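One file, entry_30.cif, is given below (mmCIF, N, CA and C atoms).
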data_structure
loop_
_atom_site.label_atom_id
_atom_site.label_comp_id
_atom_site.auth_asym_id
_atom_site.auth_seq_id
_atom_site.Cartn_x
_atom_site.Cartn_y
_atom_site.Cartn_z
N MET A 1 0.85 -1.19 0.00
CA MET A 1 0.00 0.00 0.00
C MET A 1 0.89 1.24 0.00
N GLY A 2 0.51 2.24 -0.77
CA GLY A 2 1.30 3.46 -0.87
C GLY A 2 1.01 4.42 0.26
N SER A 3 1.63 5.55 0.17
CA SER A 3 1.39 6.59 1.16
C SER A 3 -0.01 7.16 0.96
N ARG A 4 -0.49 7.90 1.95
CA ARG A 4 -1.81 8.52 1.82
C ARG A 4 -1.87 9.42 0.60
N GLU A 5 -0.82 10.21 0.38
CA GLU A 5 -0.80 11.11 -0.77
C GLU A 5 -0.90 10.33 -2.07
N GLU A 6 -0.16 9.23 -2.19
CA GLU A 6 -0.23 8.41 -3.40
C GLU A 6 -1.62 7.82 -3.59
N ASP A 7 -2.24 7.38 -2.48
CA ASP A 7 -3.58 6.79 -2.56
C ASP A 7 -4.60 7.84 -2.99
N ILE A 8 -4.49 9.05 -2.46
CA ILE A 8 -5.40 10.13 -2.84
C ILE A 8 -5.17 10.52 -4.30
N LEU A 9 -3.92 10.59 -4.71
CA LEU A 9 -3.60 10.90 -6.10
C LEU A 9 -4.19 9.84 -7.03
N ARG A 10 -4.18 8.59 -6.61
CA ARG A 10 -4.77 7.51 -7.40
C ARG A 10 -6.28 7.74 -7.57
N VAL A 11 -6.97 8.15 -6.50
CA VAL A 11 -8.40 8.45 -6.61
C VAL A 11 -8.63 9.57 -7.63
N LEU A 12 -7.82 10.63 -7.54
CA LEU A 12 -7.96 11.75 -8.47
C LEU A 12 -7.71 11.32 -9.91
N ASN A 13 -6.60 10.61 -10.12
CA ASN A 13 -6.19 10.23 -11.48
C ASN A 13 -7.05 9.14 -12.09
N GLU A 14 -7.50 8.18 -11.29
CA GLU A 14 -8.22 7.03 -11.84
C GLU A 14 -9.73 7.20 -11.81
N ASP A 15 -10.25 7.92 -10.80
CA ASP A 15 -11.69 8.03 -10.66
C ASP A 15 -12.26 9.31 -11.26
N LEU A 16 -11.52 10.41 -11.17
CA LEU A 16 -12.08 11.70 -11.59
C LEU A 16 -11.52 12.22 -12.91
N MET A 17 -10.21 12.23 -13.08
CA MET A 17 -9.62 12.83 -14.29
C MET A 17 -10.10 12.17 -15.59
N PRO A 18 -10.41 10.86 -15.61
CA PRO A 18 -10.90 10.28 -16.87
C PRO A 18 -12.30 10.76 -17.27
N LEU A 19 -13.05 11.34 -16.35
CA LEU A 19 -14.40 11.79 -16.67
C LEU A 19 -14.33 12.98 -17.63
N GLU A 20 -15.13 12.94 -18.66
CA GLU A 20 -15.09 13.95 -19.72
C GLU A 20 -15.26 15.37 -19.18
N ASP A 21 -16.16 15.57 -18.21
CA ASP A 21 -16.45 16.92 -17.73
C ASP A 21 -15.56 17.39 -16.59
N ILE A 22 -14.67 16.54 -16.10
CA ILE A 22 -13.71 17.00 -15.09
C ILE A 22 -12.50 17.55 -15.85
N HIS A 23 -12.40 18.86 -15.88
CA HIS A 23 -11.28 19.49 -16.59
C HIS A 23 -10.03 19.57 -15.72
N ALA A 24 -10.22 19.62 -14.40
CA ALA A 24 -9.11 19.62 -13.45
C ALA A 24 -9.68 19.26 -12.09
N CYS A 25 -8.86 18.62 -11.25
CA CYS A 25 -9.29 18.32 -9.89
C CYS A 25 -8.06 18.22 -9.00
N MET A 26 -8.31 18.39 -7.71
CA MET A 26 -7.23 18.30 -6.74
C MET A 26 -7.81 18.25 -5.34
N VAL A 27 -6.99 17.90 -4.37
CA VAL A 27 -7.32 18.10 -2.97
C VAL A 27 -6.52 19.33 -2.58
N ALA A 28 -7.24 20.41 -2.28
CA ALA A 28 -6.60 21.72 -2.12
C ALA A 28 -6.59 22.19 -0.67
N GLN A 29 -5.63 23.07 -0.41
CA GLN A 29 -5.52 23.81 0.83
C GLN A 29 -5.43 25.28 0.45
N ARG A 30 -5.25 26.13 1.43
CA ARG A 30 -5.07 27.56 1.15
C ARG A 30 -3.95 27.75 0.14
N GLY A 31 -4.09 28.74 -0.71
CA GLY A 31 -3.06 29.03 -1.71
C GLY A 31 -3.05 28.05 -2.86
N LEU A 32 -4.08 27.22 -2.95
CA LEU A 32 -4.18 26.20 -3.99
C LEU A 32 -3.03 25.21 -3.93
N GLU A 33 -2.55 24.97 -2.71
CA GLU A 33 -1.56 23.93 -2.51
C GLU A 33 -2.30 22.66 -2.14
N GLY A 34 -1.63 21.54 -2.24
CA GLY A 34 -2.26 20.29 -1.86
C GLY A 34 -1.80 19.17 -2.75
N ILE A 35 -2.70 18.21 -2.98
CA ILE A 35 -2.40 17.04 -3.79
C ILE A 35 -3.02 17.27 -5.16
N VAL A 36 -2.16 17.34 -6.17
CA VAL A 36 -2.61 17.72 -7.51
C VAL A 36 -2.09 16.71 -8.53
N PRO A 37 -2.99 16.20 -9.39
CA PRO A 37 -2.48 15.41 -10.51
C PRO A 37 -1.58 16.29 -11.38
N LEU A 38 -0.86 15.71 -12.28
CA LEU A 38 -0.02 16.50 -13.18
C LEU A 38 -0.88 17.54 -13.89
N THR A 39 -0.51 18.81 -13.76
CA THR A 39 -1.33 19.85 -14.37
C THR A 39 -1.32 19.74 -15.89
N GLU A 40 -0.34 19.03 -16.46
CA GLU A 40 -0.34 18.80 -17.90
C GLU A 40 -1.53 17.94 -18.31
N ASP A 41 -2.08 17.17 -17.35
CA ASP A 41 -3.24 16.33 -17.64
C ASP A 41 -4.54 17.11 -17.59
N PHE A 42 -4.51 18.33 -17.06
CA PHE A 42 -5.71 19.16 -17.02
C PHE A 42 -6.05 19.59 -18.44
N LYS A 43 -7.31 19.77 -18.70
CA LYS A 43 -7.71 20.24 -20.02
C LYS A 43 -7.26 21.70 -20.19
N ARG A 44 -6.80 22.03 -21.37
CA ARG A 44 -6.20 23.35 -21.63
C ARG A 44 -7.10 24.52 -21.29
N GLU A 45 -8.40 24.32 -21.41
CA GLU A 45 -9.34 25.42 -21.20
C GLU A 45 -9.24 26.01 -19.80
N VAL A 46 -8.79 25.24 -18.81
CA VAL A 46 -8.77 25.73 -17.43
C VAL A 46 -7.51 26.53 -17.11
N VAL A 47 -6.53 26.50 -17.98
CA VAL A 47 -5.28 27.21 -17.70
C VAL A 47 -5.54 28.69 -17.43
N GLY A 48 -6.47 29.28 -18.16
CA GLY A 48 -6.77 30.70 -17.99
C GLY A 48 -7.35 31.07 -16.64
N ILE A 49 -8.07 30.13 -16.00
CA ILE A 49 -8.67 30.46 -14.70
C ILE A 49 -7.84 29.96 -13.53
N TRP A 50 -6.79 29.19 -13.82
CA TRP A 50 -6.01 28.57 -12.74
C TRP A 50 -5.42 29.63 -11.80
N GLU A 51 -4.83 30.68 -12.35
CA GLU A 51 -4.22 31.72 -11.52
C GLU A 51 -5.28 32.48 -10.72
N VAL A 52 -6.42 32.76 -11.33
CA VAL A 52 -7.51 33.43 -10.62
C VAL A 52 -7.98 32.56 -9.47
N LEU A 53 -8.11 31.26 -9.72
CA LEU A 53 -8.53 30.34 -8.68
C LEU A 53 -7.51 30.32 -7.54
N ARG A 54 -6.24 30.33 -7.87
CA ARG A 54 -5.20 30.34 -6.85
C ARG A 54 -5.34 31.59 -5.97
N GLU A 55 -5.64 32.72 -6.59
CA GLU A 55 -5.76 33.98 -5.85
C GLU A 55 -7.00 34.01 -4.97
N THR A 56 -8.07 33.32 -5.36
CA THR A 56 -9.32 33.36 -4.60
C THR A 56 -9.43 32.24 -3.57
N MET A 57 -8.58 31.25 -3.64
CA MET A 57 -8.70 30.08 -2.77
C MET A 57 -8.61 30.44 -1.28
N ASP A 58 -7.72 31.33 -0.91
CA ASP A 58 -7.61 31.71 0.51
C ASP A 58 -8.90 32.33 1.00
N ASP A 59 -9.52 33.19 0.19
CA ASP A 59 -10.79 33.80 0.57
C ASP A 59 -11.86 32.73 0.74
N LEU A 60 -11.88 31.78 -0.15
CA LEU A 60 -12.87 30.72 -0.07
C LEU A 60 -12.68 29.87 1.20
N PHE A 61 -11.44 29.58 1.53
CA PHE A 61 -11.19 28.82 2.75
C PHE A 61 -11.60 29.61 3.99
N ASN A 62 -11.51 30.93 3.96
CA ASN A 62 -11.99 31.75 5.08
C ASN A 62 -13.50 31.58 5.25
N VAL A 63 -14.23 31.58 4.15
CA VAL A 63 -15.68 31.37 4.20
C VAL A 63 -15.99 29.98 4.74
N VAL A 64 -15.27 28.99 4.24
CA VAL A 64 -15.49 27.61 4.68
C VAL A 64 -15.25 27.50 6.19
N ALA A 65 -14.15 28.06 6.67
CA ALA A 65 -13.83 27.98 8.10
C ALA A 65 -14.93 28.62 8.93
N LYS A 66 -15.52 29.67 8.43
CA LYS A 66 -16.56 30.39 9.16
C LYS A 66 -17.87 29.62 9.22
N TYR A 67 -18.20 28.88 8.18
CA TYR A 67 -19.53 28.27 8.08
C TYR A 67 -19.59 26.76 8.22
N THR A 68 -18.45 26.07 8.34
CA THR A 68 -18.52 24.61 8.49
C THR A 68 -19.24 24.21 9.77
N GLU A 69 -19.13 25.01 10.80
CA GLU A 69 -19.83 24.67 12.04
C GLU A 69 -21.35 24.72 11.86
N TYR A 70 -21.82 25.35 10.81
CA TYR A 70 -23.25 25.41 10.51
C TYR A 70 -23.66 24.36 9.47
N GLY A 71 -22.75 23.47 9.14
CA GLY A 71 -23.08 22.38 8.23
C GLY A 71 -22.68 22.57 6.78
N LEU A 72 -21.94 23.64 6.47
CA LEU A 72 -21.48 23.84 5.09
C LEU A 72 -20.53 22.70 4.72
N ASP A 73 -20.84 22.00 3.62
CA ASP A 73 -19.91 20.95 3.19
C ASP A 73 -19.61 20.99 1.70
N LYS A 74 -20.32 21.86 0.95
CA LYS A 74 -20.06 22.02 -0.48
C LYS A 74 -20.22 23.48 -0.84
N VAL A 75 -19.39 23.93 -1.76
CA VAL A 75 -19.49 25.29 -2.29
C VAL A 75 -19.34 25.18 -3.81
N TYR A 76 -20.19 25.90 -4.51
CA TYR A 76 -20.12 25.95 -5.97
C TYR A 76 -20.03 27.41 -6.37
N PHE A 77 -19.18 27.71 -7.34
CA PHE A 77 -19.19 29.05 -7.89
C PHE A 77 -18.77 28.99 -9.35
N GLU A 78 -19.26 29.99 -10.09
CA GLU A 78 -18.93 30.09 -11.51
C GLU A 78 -17.74 31.01 -11.68
N LEU A 79 -16.85 30.61 -12.55
CA LEU A 79 -15.68 31.40 -12.85
C LEU A 79 -15.50 31.32 -14.37
N GLY A 80 -15.92 32.37 -15.05
CA GLY A 80 -15.90 32.34 -16.51
C GLY A 80 -16.86 31.30 -17.04
N ASP A 81 -16.38 30.44 -17.90
CA ASP A 81 -17.21 29.39 -18.50
C ASP A 81 -17.20 28.10 -17.68
N PHE A 82 -16.74 28.17 -16.44
CA PHE A 82 -16.58 26.98 -15.63
C PHE A 82 -17.28 27.10 -14.29
N ASP A 83 -17.65 25.94 -13.75
CA ASP A 83 -18.10 25.83 -12.37
C ASP A 83 -16.95 25.24 -11.57
N VAL A 84 -16.74 25.78 -10.39
CA VAL A 84 -15.77 25.20 -9.48
C VAL A 84 -16.57 24.53 -8.37
N MET A 85 -16.38 23.23 -8.23
CA MET A 85 -17.10 22.43 -7.24
C MET A 85 -16.12 22.13 -6.11
N PHE A 86 -16.51 22.51 -4.92
CA PHE A 86 -15.63 22.53 -3.76
C PHE A 86 -16.27 21.66 -2.69
N PHE A 87 -15.75 20.44 -2.49
CA PHE A 87 -16.30 19.48 -1.51
C PHE A 87 -15.35 19.43 -0.31
N ILE A 88 -15.82 19.93 0.81
CA ILE A 88 -15.00 20.04 2.01
C ILE A 88 -14.74 18.66 2.61
N LEU A 89 -13.51 18.42 3.03
CA LEU A 89 -13.16 17.18 3.71
C LEU A 89 -13.26 17.44 5.21
N PRO A 90 -14.26 16.88 5.87
CA PRO A 90 -14.52 17.20 7.28
C PRO A 90 -13.33 16.92 8.17
N GLY A 91 -13.14 17.79 9.16
CA GLY A 91 -12.06 17.60 10.12
C GLY A 91 -10.69 17.95 9.59
N THR A 92 -10.63 18.54 8.40
CA THR A 92 -9.34 18.94 7.81
C THR A 92 -9.46 20.37 7.30
N ASP A 93 -8.36 20.92 6.87
CA ASP A 93 -8.39 22.23 6.20
C ASP A 93 -8.19 22.02 4.70
N ASN A 94 -8.76 20.93 4.18
CA ASN A 94 -8.65 20.55 2.77
C ASN A 94 -10.03 20.42 2.15
N ALA A 95 -10.04 20.49 0.82
CA ALA A 95 -11.27 20.26 0.07
C ALA A 95 -10.93 19.58 -1.25
N LEU A 96 -11.84 18.75 -1.70
CA LEU A 96 -11.76 18.18 -3.03
C LEU A 96 -12.33 19.23 -3.98
N VAL A 97 -11.54 19.65 -4.95
CA VAL A 97 -11.94 20.72 -5.86
C VAL A 97 -11.94 20.17 -7.29
N ALA A 98 -13.00 20.48 -8.01
CA ALA A 98 -13.07 20.08 -9.43
C ALA A 98 -13.52 21.28 -10.25
N ILE A 99 -12.91 21.42 -11.41
CA ILE A 99 -13.30 22.46 -12.36
C ILE A 99 -13.99 21.76 -13.52
N VAL A 100 -15.23 22.19 -13.77
CA VAL A 100 -16.06 21.55 -14.79
C VAL A 100 -16.67 22.62 -15.67
N PRO A 101 -17.09 22.28 -16.90
CA PRO A 101 -17.78 23.26 -17.74
C PRO A 101 -19.08 23.72 -17.07
N ALA A 102 -19.40 24.97 -17.23
CA ALA A 102 -20.60 25.54 -16.61
C ALA A 102 -21.87 24.79 -17.03
N LEU A 103 -21.89 24.22 -18.20
CA LEU A 103 -23.08 23.54 -18.70
C LEU A 103 -23.06 22.03 -18.46
N ALA A 104 -22.12 21.56 -17.65
CA ALA A 104 -22.01 20.12 -17.39
C ALA A 104 -23.19 19.64 -16.54
N ASN A 105 -23.41 18.34 -16.55
CA ASN A 105 -24.46 17.72 -15.74
C ASN A 105 -23.98 17.67 -14.29
N ARG A 106 -24.34 18.70 -13.53
CA ARG A 106 -23.85 18.84 -12.16
C ARG A 106 -24.30 17.68 -11.27
N GLY A 107 -25.51 17.18 -11.46
CA GLY A 107 -26.00 16.07 -10.64
C GLY A 107 -25.14 14.83 -10.76
N LEU A 108 -24.79 14.46 -11.99
CA LEU A 108 -23.94 13.30 -12.22
C LEU A 108 -22.56 13.53 -11.61
N LEU A 109 -22.01 14.72 -11.80
CA LEU A 109 -20.68 15.03 -11.26
C LEU A 109 -20.68 15.04 -9.74
N GLU A 110 -21.78 15.51 -9.14
CA GLU A 110 -21.86 15.50 -7.67
C GLU A 110 -21.75 14.08 -7.13
N VAL A 111 -22.40 13.13 -7.79
CA VAL A 111 -22.33 11.74 -7.35
C VAL A 111 -20.89 11.25 -7.43
N GLU A 112 -20.22 11.50 -8.54
CA GLU A 112 -18.83 11.06 -8.71
C GLU A 112 -17.91 11.72 -7.69
N LEU A 113 -18.09 13.02 -7.48
CA LEU A 113 -17.25 13.74 -6.52
C LEU A 113 -17.54 13.30 -5.08
N GLU A 114 -18.77 13.05 -4.76
CA GLU A 114 -19.11 12.57 -3.42
C GLU A 114 -18.49 11.20 -3.17
N ASN A 115 -18.54 10.32 -4.16
CA ASN A 115 -17.90 9.02 -4.02
C ASN A 115 -16.40 9.16 -3.82
N ALA A 116 -15.78 10.04 -4.59
CA ALA A 116 -14.34 10.28 -4.44
C ALA A 116 -14.04 10.89 -3.07
N ARG A 117 -14.88 11.82 -2.63
CA ARG A 117 -14.67 12.43 -1.31
C ARG A 117 -14.72 11.36 -0.22
N ARG A 118 -15.66 10.44 -0.31
CA ARG A 118 -15.76 9.37 0.70
C ARG A 118 -14.52 8.49 0.70
N ARG A 119 -14.01 8.17 -0.49
CA ARG A 119 -12.79 7.36 -0.56
C ARG A 119 -11.60 8.12 0.05
N ILE A 120 -11.53 9.42 -0.23
CA ILE A 120 -10.42 10.23 0.31
C ILE A 120 -10.53 10.34 1.83
N ILE A 121 -11.74 10.54 2.34
CA ILE A 121 -11.94 10.60 3.80
C ILE A 121 -11.51 9.28 4.43
N LYS A 122 -11.85 8.17 3.79
CA LYS A 122 -11.43 6.86 4.31
C LYS A 122 -9.90 6.74 4.32
N ILE A 123 -9.26 7.20 3.25
CA ILE A 123 -7.79 7.15 3.19
C ILE A 123 -7.19 8.02 4.30
N LEU A 124 -7.73 9.19 4.52
CA LEU A 124 -7.21 10.08 5.55
C LEU A 124 -7.42 9.51 6.94
N GLY A 125 -8.44 8.68 7.11
CA GLY A 125 -8.73 8.11 8.42
C GLY A 125 -7.95 6.85 8.75
N GLU A 126 -7.24 6.32 7.75
CA GLU A 126 -6.48 5.10 7.97
C GLU A 126 -5.23 5.39 8.79
N ASP A 127 -4.94 4.49 9.71
CA ASP A 127 -3.72 4.64 10.53
C ASP A 127 -2.65 3.71 10.09
#

Exercise: express the given structure as structure tokens:
Amino acid sequence: MGSREEDILRVLNEDLMPLEDIHACMVAQRGLEGIVPLTEDFKREVVGIWEVLRETMDDLFNVVAKYTEYGLDKVYFELGDFDVMFFILPGTDNALVAIVPALANRGLLEVELENARRRIIKILGED
């Protein structure tokens, strides 16, 4: 068995990145740091919003920190032609983040992201 980071990267690379509407995904922290598949594997369309997302991530984590005690566990926002889906990993300062086309089937993607989030939470809970 690999390290937790390798196991999480496997979930991102094998479960999410092959999906047509996942243009980019990662487990993020403030400053858009965290566990990231090779950015070369991201679809080119997201390159333009990547820097903007990096600049706004700290603000978003401030909102998350403020409202998680009230049950906030997902945040969605539009950025240009894309939706950013932000699934908070409970008990951590991390979130599963996916960038998808604004017109994508959000319901289907939510199921896939929720399944991935559960697998990641399980990996983080392993001793």

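Between atom CA of Glu55 of chain A and atom CA of Val97 of chain A the interatomic distance comes to 14.6 Å.
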
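Nearest to Asp21 of chain A of all the residues A:Val46, A:Val100, A:Val63, A:Val52 is A:Val100, counting only N, CA and C atoms.
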
Ranking A:Leu124, A:Leu109, A:Val75, A:Met26 by minimum distance to Gly91 of chain A and counting only C-alpha atoms, which one comes first?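 Counting only C-alpha atoms, the residue closest to Gly91 of chain A is A:Leu124.
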
Please indicate the distance in Å from atom CA of Arg4 of chain A to atom CA of Ile123 of chain A, rounded to one decimal place.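 Atom-to-atom, atom CA of Arg4 of chain A to atom CA of Ile123 of chain A, that is 6.3 Å.
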
Would you mind listing what lies within 8 Å of segment 9-19 of chain A as a PDB file with N, CA and C atoms, in the coordinates of the input, with all atoms listed in the file counted and same-chain residues fewer than 2 positions away left out?
ATOM      1  N   SER A   3       1.630   5.550   0.170  1.00  0.00           N
ATOM      2  CA  SER A   3       1.390   6.590   1.160  1.00  0.00           C
ATOM      3  C   SER A   3      -0.010   7.160   0.960  1.00  0.00           C
ATOM      4  N   ARG A   4      -0.490   7.900   1.950  1.00  0.00           N
ATOM      5  CA  ARG A   4      -1.810   8.520   1.820  1.00  0.00           C
ATOM      6  C   ARG A   4      -1.870   9.420   0.600  1.00  0.00           C
ATOM      7  N   GLU A   5      -0.820  10.210   0.380  1.00  0.00           N
ATOM      8  CA  GLU A   5      -0.800  11.110  -0.770  1.00  0.00           C
ATOM      9  C   GLU A   5      -0.900  10.330  -2.070  1.00  0.00           C
ATOM     10  N   GLU A   6      -0.160   9.230  -2.190  1.00  0.00           N
ATOM     11  CA  GLU A   6      -0.230   8.410  -3.400  1.00  0.00           C
ATOM     12  C   GLU A   6      -1.620   7.820  -3.590  1.00  0.00           C
ATOM     13  N   ASP A   7      -2.240   7.380  -2.480  1.00  0.00           N
ATOM     14  CA  ASP A   7      -3.580   6.790  -2.560  1.00  0.00           C
ATOM     15  C   ASP A   7      -4.600   7.840  -2.990  1.00  0.00           C
ATOM     16  N   ASP A  21     -16.160  15.570 -18.210  1.00  0.00           N
ATOM     17  CA  ASP A  21     -16.450  16.920 -17.730  1.00  0.00           C
ATOM     18  C   ASP A  21     -15.560  17.390 -16.590  1.00  0.00           C
ATOM     19  N   ILE A  22     -14.670  16.540 -16.100  1.00  0.00           N
ATOM     20  CA  ILE A  22     -13.710  17.000 -15.090  1.00  0.00           C
ATOM     21  C   ILE A  22     -12.500  17.550 -15.850  1.00  0.00           C
ATOM     22  N   HIS A  23     -12.400  18.860 -15.880  1.00  0.00           N
ATOM     23  CA  HIS A  23     -11.280  19.490 -16.590  1.00  0.00           C
ATOM     24  C   HIS A  23     -10.030  19.570 -15.720  1.00  0.00           C
ATOM     25  N   ALA A  24     -10.220  19.620 -14.400  1.00  0.00           N
ATOM     26  CA  ALA A  24      -9.110  19.620 -13.450  1.00  0.00           C
ATOM     27  C   ALA A  24      -9.680  19.260 -12.090  1.00  0.00           C
ATOM     28  N   CYS A  25      -8.860  18.620 -11.250  1.00  0.00           N
ATOM     29  CA  CYS A  25      -9.290  18.320  -9.890  1.00  0.00           C
ATOM     30  C   CYS A  25      -8.060  18.220  -9.000  1.00  0.00           C
ATOM     31  N   MET A  26      -8.310  18.390  -7.710  1.00  0.00           N
ATOM     32  CA  MET A  26      -7.230  18.300  -6.740  1.00  0.00           C
ATOM     33  C   MET A  26      -7.810  18.250  -5.340  1.00  0.00           C
ATOM     34  N   VAL A  27      -6.990  17.900  -4.370  1.00  0.00           N
ATOM     35  CA  VAL A  27      -7.320  18.100  -2.970  1.00  0.00           C
ATOM     36  C   VAL A  27      -6.520  19.330  -2.580  1.00  0.00           C
ATOM     37  N   ILE A  35      -2.700  18.210  -2.980  1.00  0.00           N
ATOM     38  CA  ILE A  35      -2.400  17.040  -3.790  1.00  0.00           C
ATOM     39  C   ILE A  35      -3.020  17.270  -5.160  1.00  0.00           C
ATOM     40  N   VAL A  36      -2.160  17.340  -6.170  1.00  0.00           N
ATOM     41  CA  VAL A  36      -2.610  17.720  -7.510  1.00  0.00           C
ATOM     42  C   VAL A  36      -2.090  16.710  -8.530  1.00  0.00           C
ATOM     43  N   PRO A  37      -2.990  16.200  -9.390  1.00  0.00           N
ATOM     44  CA  PRO A  37      -2.480  15.410 -10.510  1.00  0.00           C
ATOM     45  C   PRO A  37      -1.580  16.290 -11.380  1.00  0.00           C
ATOM     46  N   LEU A  38      -0.860  15.710 -12.280  1.00  0.00           N
ATOM     47  CA  LEU A  38      -0.020  16.500 -13.180  1.00  0.00           C
ATOM     48  C   LEU A  38      -0.880  17.540 -13.890  1.00  0.00           C
ATOM     49  N   ASP A  41      -2.080  17.170 -17.350  1.00  0.00           N
ATOM     50  CA  ASP A  41      -3.240  16.330 -17.640  1.00  0.00           C
ATOM     51  C   ASP A  41      -4.540  17.110 -17.590  1.00  0.00           C
ATOM     52  N   PHE A  42      -4.510  18.330 -17.060  1.00  0.00           N
ATOM     53  CA  PHE A  42      -5.710  19.160 -17.020  1.00  0.00           C
ATOM     54  C   PHE A  42      -6.050  19.590 -18.440  1.00  0.00           C
ATOM     55  N   GLU A 112     -20.220  11.500  -8.540  1.00  0.00           N
ATOM     56  CA  GLU A 112     -18.830  11.060  -8.710  1.00  0.00           C
ATOM     57  C   GLU A 112     -17.910  11.720  -7.690  1.00  0.00           C
ATOM     58  N   LEU A 113     -18.090  13.020  -7.480  1.00  0.00           N
ATOM     59  CA  LEU A 113     -17.250  13.740  -6.520  1.00  0.00           C
ATOM     60  C   LEU A 113     -17.540  13.300  -5.080  1.00  0.00           C
ATOM     61  N   ALA A 116     -15.780  10.040  -4.590  1.00  0.00           N
ATOM     62  CA  ALA A 116     -14.340  10.280  -4.440  1.00  0.00           C
ATOM     63  C   ALA A 116     -14.040  10.890  -3.070  1.00  0.00           C
ATOM     64  N   ARG A 119     -14.010   8.170  -0.490  1.00  0.00           N
ATOM     65  CA  ARG A 119     -12.790   7.360  -0.560  1.00  0.00           C
ATOM     66  C   ARG A 119     -11.600   8.120   0.050  1.00  0.00           C
ATOM     67  N   ILE A 120     -11.530   9.420  -0.230  1.00  0.00           N
ATOM     68  CA  ILE A 120     -10.420  10.230   0.310  1.00  0.00           C
ATOM     69  C   ILE A 120     -10.530  10.340   1.830  1.00  0.00           C
TER      70      ILE A 120
END

What does the distance between atom N of Ile88 of chain A and atom C of Tyr70 of chain A come to in Å, to one decimal place?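 Atom N of Ile88 of chain A sits 12.5 Å away from atom C of Tyr70 of chain A.
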
Got a sec to resolve the PyMOL selection byres (((chain A and resi 57 and name CA) around 8) and name CA) on this structure and send the residues as a ChimeraX atom specification? /A:29-32,53-56,58-61

For segment 93-98 of chain A, supply all heavy atoms and report the output as a compact mmCIF listing (two decimals), in the frame of the given file.
# COMPACT_ATOMS: atom_id res chain seq x y z
N ASP A 93 -8.36 20.92 6.87
CA ASP A 93 -8.39 22.23 6.20
C ASP A 93 -8.19 22.02 4.70
O ASP A 93 -7.57 22.81 4.02
CB ASP A 93 -7.35 23.17 6.78
CG ASP A 93 -5.93 22.64 6.65
OD1 ASP A 93 -5.76 21.46 6.27
OD2 ASP A 93 -4.99 23.40 6.93
N ASN A 94 -8.76 20.93 4.18
CA ASN A 94 -8.65 20.55 2.77
C ASN A 94 -10.03 20.42 2.15
O ASN A 94 -11.02 20.23 2.85
CB ASN A 94 -7.95 19.18 2.63
CG ASN A 94 -6.55 19.21 3.15
OD1 ASN A 94 -5.72 19.95 2.65
ND2 ASN A 94 -6.27 18.39 4.15
N ALA A 95 -10.04 20.49 0.82
CA ALA A 95 -11.27 20.26 0.07
C ALA A 95 -10.93 19.58 -1.25
O ALA A 95 -9.87 19.81 -1.82
CB ALA A 95 -11.99 21.58 -0.18
N LEU A 96 -11.84 18.75 -1.70
CA LEU A 96 -11.76 18.18 -3.03
C LEU A 96 -12.33 19.23 -3.98
O LEU A 96 -13.46 19.68 -3.79
CB LEU A 96 -12.58 16.89 -3.10
CG LEU A 96 -12.73 16.24 -4.47
CD1 LEU A 96 -11.38 15.88 -5.06
CD2 LEU A 96 -13.63 15.01 -4.36
N VAL A 97 -11.54 19.65 -4.95
CA VAL A 97 -11.94 20.72 -5.86
C VAL A 97 -11.94 20.17 -7.29
O VAL A 97 -10.98 19.50 -7.69
CB VAL A 97 -10.96 21.92 -5.76
CG1 VAL A 97 -11.35 23.02 -6.74
CG2 VAL A 97 -10.90 22.45 -4.34
N ALA A 98 -13.00 20.48 -8.01
CA ALA A 98 -13.07 20.08 -9.43
C ALA A 98 -13.52 21.28 -10.25
O ALA A 98 -14.37 22.05 -9.83
CB ALA A 98 -14.05 18.93 -9.62
